[in-house]
Amino acid sequence: MNPSRRNRVHIRRNLDLVTDRNPHEIPAEYLGLEPSVPQAIHQAFVDLYRTGLHPGLQLCIRRRGEILFDRAIGYAAGVASDDPLQGALREMRRDTPVCLFSSSKAVTAMLVHKCAEQGLVDLDALVTDTIPEYGQCGKHTTTVKHLLAHQAGIPRIPMKRPDPSLLWDWDRAVATLCAAKPIHGSGEQQAYHAITAGFILGEIVQRVSGLSLNDYLARHIAQPMGMHNFHFGLPSQRHADVARNAFTGGPLPAPLRPVARRVLGVDFERVPAISNSPEFMNAVIPAGNLYATAEEASRFFDMLRAGGRYQGKQIIAPETIARAVTPVGRIRLDRTLLLPVRFSMGMILGEKPFGLYGPDCRGAYGHLGFMNIVCWADPAREMSAALLTTGKTLAPSALYRLVQLMATIGGSIPRHSPDAPRMARAA
């Protein structure tokens, strides 16, 4: 099961031996869909795995609050050439925690919005109202909204040679960002903040709530929603449960290397090994290390889609969610990603005729995580979903199959479909 020289995973002939299916998936016809939809999605899911560029994957899709599709395939550990557990294969299961990387930003953003709902912070207020020391070097005009919308002018860690250890030293990270000089005035440009804004947003949550970020998350979301994982970082005793990430495919093409380094702060190839380290897993990184299963991530986004309700409990107010997913402006070229992106205060928004979340996904919202993880809600399709992957790659075949999978999901689940018989079952 070792990767080949091109960092591809050997694929078993009988994939049923490495596939974990939820036995309680609701039949598609009960959810207003054609009976063939789950099989079409499964085939596209398998096609992505067959590229050999993802050691393990999870995919969970909810429709009208019910689980339509919830499966895992491949291996969680023991496959990648740089995995200390190489050869000691551990299958990817539906309950295996996976790092969401940048999809964590959507959760952190909603914690800030929850604080605003409780009257603890004003999103239009200055960051210095909560963190006075943040106003250094011209950042005194930055608002909380600017941070949420990637317009705060601090898209990169202000170090010539960023040291990953900064990520697991919260106080040092916050102090470094408070002292940073912005590259532009607040609100003047959109430049994706891959890591930086998360620490300041997390610090705001902690200062106004009096709780740690994880305690606030647990109190207002994870515990009321029955999440077993859904935690920034994981305690040491759970590190053996985590899915390991792997750099797969060939080296990045030369034109993409500086872009990836600008986004990530380090070379693309180094990130998987960093994310597998005990230090990373122990840390709290608001923009990049929430751990969850695909089922939990889709549960979170389905709660947002349902107006903040989950099993009779109002987790977040509907008006809070409406504000969180409202565009902050038109789609425009992002100065970090060098791609056209439309943000809300915390979410990447869908587009028409084709966007991050598949075909005709205007109105959908969610977040991308390290190129191959996608978590989203699409109210027009009455659905939410989470695709979690452990292969970190920009190989064309992997990206093609990812796009194909997203197109299959969006194409199989119509917008505003007519009502159909619904099976009463707890999600």
# chains A, B, ... in the order shown; residues from 1 in each chain; ligands from 1
call {"tool": "select_by_dssp", "arguments": {"residues": "region 325-355 of chain A", "states": "strand (DSSP E)", "output": "ChimeraX atom specification"}}
result
/A:332-333,340-341,348-349,354-355
call {"tool": "residues_around", "arguments": {"residues": "region 364-376 of chain A", "least_positions_apart": "2", "cutoff": "9 Å", "atoms": "only C-alpha atoms", "output": "ChimeraX atom specification"}}
result
/A:99-106,288,294,297-298,301-302,325,344,346-351,356-357,361-362,378-381,383-394,398-399,402
call {"tool": "closest_atom_pairs", "arguments": {"of": "region 50-162 of chain A", "to": "region 9-15 of chain A", "cutoff": "10 Å", "atoms": "only C-alpha atoms", "output": "CSV"}}
result
residue,atom,partner,partner_atom,distance
A:Arg50,CA,A:Ile11,CA,6.5
A:Thr51,CA,A:Val9,CA,8.2
A:Gly52,CA,A:Val9,CA,4.4
A:Leu53,CA,A:Val9,CA,6.2
A:His54,CA,A:Val9,CA,7.1
A:Pro55,CA,A:Val9,CA,6.2
A:Gly56,CA,A:Val9,CA,9.6
A:Ile73,CA,A:Leu15,CA,7.8
A:Gly74,CA,A:Leu15,CA,8.1
A:Tyr75,CA,A:Val9,CA,9.7
A:Val79,CA,A:Val9,CA,7.1
A:Ala80,CA,A:Val9,CA,7.8
A:Ser81,CA,A:Val9,CA,9.7
call {"tool": "closest_residue", "arguments": {"among": "A:Leu147, A:Met345, A:Met406, A:Met92", "to": "Leu17 (chain A)", "atoms": "only C-alpha atoms"}}
result
A:Met92
call {"tool": "closest_residue", "arguments": {"among": "A:Ala322, A:Ala72, A:Leu33, A:Ala283", "to": "His231 (chain A)", "atoms": "only C-alpha atoms"}}
result
A:Ala283
call {"tool": "atom_distance", "arguments": {"atom1": "CA of Ile316 (chain A)", "atom2": "CA of Glu382 (chain A)"}}
result
18.2 Å
call {"tool": "closest_atom_pairs", "arguments": {"of": "region 211-244 of chain A", "to": "region 166-183 of chain A", "cutoff": "12 Å", "atoms": "only C-alpha atoms", "output": "CSV"}}
result
residue,atom,partner,partner_atom,distance
A:Ser212,CA,A:Trp170,CA,11.5
A:Leu213,CA,A:Trp170,CA,11.3
A:Phe232,CA,A:Trp168,CA,11.5
A:Gly233,CA,A:Trp168,CA,10.0
call {"tool": "write_last_selection", "arguments": {"atoms": "all heavy atoms", "output": "short mmCIF file (atom, residue, chain, number, x, y, z; two decimals), in the first residue's frame"}}
result
data_model
loop_
_atom_site.label_atom_id
_atom_site.label_comp_id
_atom_site.auth_asym_id
_atom_site.auth_seq_id
_atom_site.Cartn_x
_atom_site.Cartn_y
_atom_site.Cartn_z
N SER A 212 -12.08 30.25 26.76
CA SER A 212 -11.16 29.88 25.69
C SER A 212 -11.97 29.64 24.42
O SER A 212 -13.19 29.42 24.47
CB SER A 212 -10.39 28.61 26.05
OG SER A 212 -11.24 27.47 25.99
N LEU A 213 -11.31 29.68 23.27
CA LEU A 213 -12.02 29.49 22.01
C LEU A 213 -12.72 28.13 21.98
O LEU A 213 -13.88 28.01 21.57
CB LEU A 213 -11.05 29.61 20.84
CG LEU A 213 -11.69 29.68 19.45
CD1 LEU A 213 -12.53 30.95 19.30
CD2 LEU A 213 -10.62 29.62 18.36
N PHE A 232 -10.82 22.64 18.04
CA PHE A 232 -9.57 23.15 17.49
C PHE A 232 -8.43 22.39 18.14
O PHE A 232 -8.23 22.45 19.36
CB PHE A 232 -9.43 24.65 17.75
CG PHE A 232 -10.42 25.49 16.99
CD1 PHE A 232 -11.55 25.99 17.63
CD2 PHE A 232 -10.23 25.77 15.65
CE1 PHE A 232 -12.47 26.76 16.93
CE2 PHE A 232 -11.15 26.54 14.95
CZ PHE A 232 -12.27 27.03 15.59
N GLY A 233 -7.68 21.63 17.33
CA GLY A 233 -6.68 20.73 17.88
C GLY A 233 -7.37 19.59 18.60
O GLY A 233 -8.60 19.56 18.75
#
call {"tool": "closest_residue", "arguments": {"among": "A:Gly312, A:Gly78, A:Gly363, A:Pro27", "to": "Pro327 (chain A)", "atoms": "only C-alpha atoms"}}
result
A:Gly363
call {"tool": "closest_residue", "arguments": {"among": "A:Ile154, A:Leu211, A:Val242, A:Ile204", "to": "Gly138 (chain A)", "atoms": "only C-alpha atoms"}}
result
A:Ile154
call {"tool": "atom_distance", "arguments": {"atom1": "CA of Val271 (chain A)", "atom2": "CA of Asn7 (chain A)"}}
result
15.2 Å
call {"tool": "atom_distance", "arguments": {"atom1": "CA of Gly226 (chain A)", "atom2": "CA of Ile41 (chain A)"}}
result
27.2 Å
call {"tool": "select_by_dssp", "arguments": {"residues": "region 176-371 of chain A", "states": "alpha helix (DSSP H)", "output": "PyMOL selection string"}}
result
chain A and resi 176-178+196-209+213-217+257-264+271-275+278-282+294-305+318-324
call {"tool": "residues_around", "arguments": {"residues": "Val98 (chain A)", "least_positions_apart": "4", "cutoff": "7 Å", "atoms": "only C-alpha atoms", "output": "NGL selection string"}}
result
:A and (242-243 or 291-293)
call {"tool": "write_last_selection", "arguments": {"atoms": "C-alpha atoms", "output": "tab-separated table (two decimals), in the first residue's frame"}}
result
chain	number	residue	atom	x	y	z
A	242	VAL	CA	-6.54	11.38	13.53
A	243	ALA	CA	-6.33	10.93	9.75
A	291	TYR	CA	-10.97	18.54	13.65
A	292	ALA	CA	-14.24	16.94	12.64
A	293	THR	CA	-15.78	14.15	10.63
call {"tool": "closest_residue", "arguments": {"among": "A:Val403, A:Leu148, A:Met227, A:Leu59", "to": "Gln190 (chain A)", "atoms": "only C-alpha atoms"}}
result
A:Leu148
call {"tool": "residues_around", "arguments": {"residues": "Val144 (chain A)", "least_positions_apart": "4", "cutoff": "10 Å", "atoms": "only C-alpha atoms", "output": "PDB file with N, CA and C atoms, in the first residue's frame"}}
result
ATOM      1  N   VAL A 112     -17.573  34.291  16.120  1.00  0.00           N
ATOM      2  CA  VAL A 112     -17.559  35.756  16.237  1.00  0.00           C
ATOM      3  C   VAL A 112     -18.973  36.298  16.058  1.00  0.00           C
ATOM      4  N   VAL A 121     -19.856  41.875  21.095  1.00  0.00           N
ATOM      5  CA  VAL A 121     -18.984  42.587  20.177  1.00  0.00           C
ATOM      6  C   VAL A 121     -19.831  43.159  19.053  1.00  0.00           C
ATOM      7  N   ASP A 122     -19.371  44.288  18.512  1.00  0.00           N
ATOM      8  CA  ASP A 122     -20.010  44.919  17.355  1.00  0.00           C
ATOM      9  C   ASP A 122     -19.117  44.668  16.154  1.00  0.00           C
ATOM     10  N   LEU A 123     -19.662  44.036  15.116  1.00  0.00           N
ATOM     11  CA  LEU A 123     -18.848  43.686  13.955  1.00  0.00           C
ATOM     12  C   LEU A 123     -18.345  44.916  13.209  1.00  0.00           C
ATOM     13  N   ASP A 124     -19.019  46.031  13.340  1.00  0.00           N
ATOM     14  CA  ASP A 124     -18.574  47.268  12.685  1.00  0.00           C
ATOM     15  C   ASP A 124     -17.634  48.083  13.576  1.00  0.00           C
ATOM     16  N   ALA A 125     -17.387  47.597  14.778  1.00  0.00           N
ATOM     17  CA  ALA A 125     -16.515  48.324  15.711  1.00  0.00           C
ATOM     18  C   ALA A 125     -15.049  48.074  15.383  1.00  0.00           C
ATOM     19  N   LEU A 126     -14.209  48.928  15.899  1.00  0.00           N
ATOM     20  CA  LEU A 126     -12.763  48.778  15.707  1.00  0.00           C
ATOM     21  C   LEU A 126     -12.240  47.582  16.497  1.00  0.00           C
ATOM     22  N   VAL A 127     -11.257  46.911  15.935  1.00  0.00           N
ATOM     23  CA  VAL A 127     -10.619  45.806  16.645  1.00  0.00           C
ATOM     24  C   VAL A 127      -9.998  46.304  17.936  1.00  0.00           C
ATOM     25  N   THR A 128      -9.492  47.540  17.911  1.00  0.00           N
ATOM     26  CA  THR A 128      -8.836  48.103  19.095  1.00  0.00           C
ATOM     27  C   THR A 128      -9.799  48.310  20.264  1.00  0.00           C
ATOM     28  N   ASP A 129     -11.105  48.293  19.999  1.00  0.00           N
ATOM     29  CA  ASP A 129     -12.057  48.383  21.108  1.00  0.00           C
ATOM     30  C   ASP A 129     -11.940  47.168  22.025  1.00  0.00           C
ATOM     31  N   THR A 130     -11.529  46.051  21.440  1.00  0.00           N
ATOM     32  CA  THR A 130     -11.362  44.815  22.204  1.00  0.00           C
ATOM     33  C   THR A 130      -9.901  44.503  22.470  1.00  0.00           C
ATOM     34  N   LEU A 148     -13.035  39.608   9.109  1.00  0.00           N
ATOM     35  CA  LEU A 148     -13.888  38.522   8.638  1.00  0.00           C
ATOM     36  C   LEU A 148     -13.932  38.452   7.112  1.00  0.00           C
ATOM     37  N   ALA A 149     -13.784  39.606   6.451  1.00  0.00           N
ATOM     38  CA  ALA A 149     -13.919  39.683   4.997  1.00  0.00           C
ATOM     39  C   ALA A 149     -12.593  39.711   4.256  1.00  0.00           C
ATOM     40  N   GLN A 151     -10.107  41.803   4.457  1.00  0.00           N
ATOM     41  CA  GLN A 151      -9.794  43.152   4.012  1.00  0.00           C
ATOM     42  C   GLN A 151      -8.978  43.922   5.050  1.00  0.00           C
ATOM     43  N   ALA A 152      -8.333  43.180   5.962  1.00  0.00           N
ATOM     44  CA  ALA A 152      -7.640  43.845   7.075  1.00  0.00           C
ATOM     45  C   ALA A 152      -6.205  44.234   6.761  1.00  0.00           C
ATOM     46  N   ALA A 197      -5.767  36.329  10.255  1.00  0.00           N
ATOM     47  CA  ALA A 197      -6.971  36.909  10.849  1.00  0.00           C
ATOM     48  C   ALA A 197      -7.586  35.987  11.890  1.00  0.00           C
ATOM     49  N   ILE A 200      -6.515  36.744  15.489  1.00  0.00           N
ATOM     50  CA  ILE A 200      -7.087  37.966  16.052  1.00  0.00           C
ATOM     51  C   ILE A 200      -8.576  37.781  16.329  1.00  0.00           C
ATOM     52  N   LEU A 201      -9.281  37.108  15.417  1.00  0.00           N
ATOM     53  CA  LEU A 201     -10.698  36.833  15.651  1.00  0.00           C
ATOM     54  C   LEU A 201     -10.883  35.924  16.866  1.00  0.00           C
ATOM     55  N   ILE A 204     -10.425  37.905  19.970  1.00  0.00           N
ATOM     56  CA  ILE A 204     -11.615  38.713  20.260  1.00  0.00           C
ATOM     57  C   ILE A 204     -12.661  37.871  20.985  1.00  0.00           C
ATOM     58  N   MET A 345     -18.907  37.798   5.417  1.00  0.00           N
ATOM     59  CA  MET A 345     -18.096  37.929   6.628  1.00  0.00           C
ATOM     60  C   MET A 345     -17.831  36.537   7.204  1.00  0.00           C
TER      61      MET A 345
END
call {"tool": "closest_residue", "arguments": {"among": "A:Arg270, A:Arg161, A:His193, A:Lys145", "to": "Thr326 (chain A)", "atoms": "only C-alpha atoms"}}
result
A:Lys145
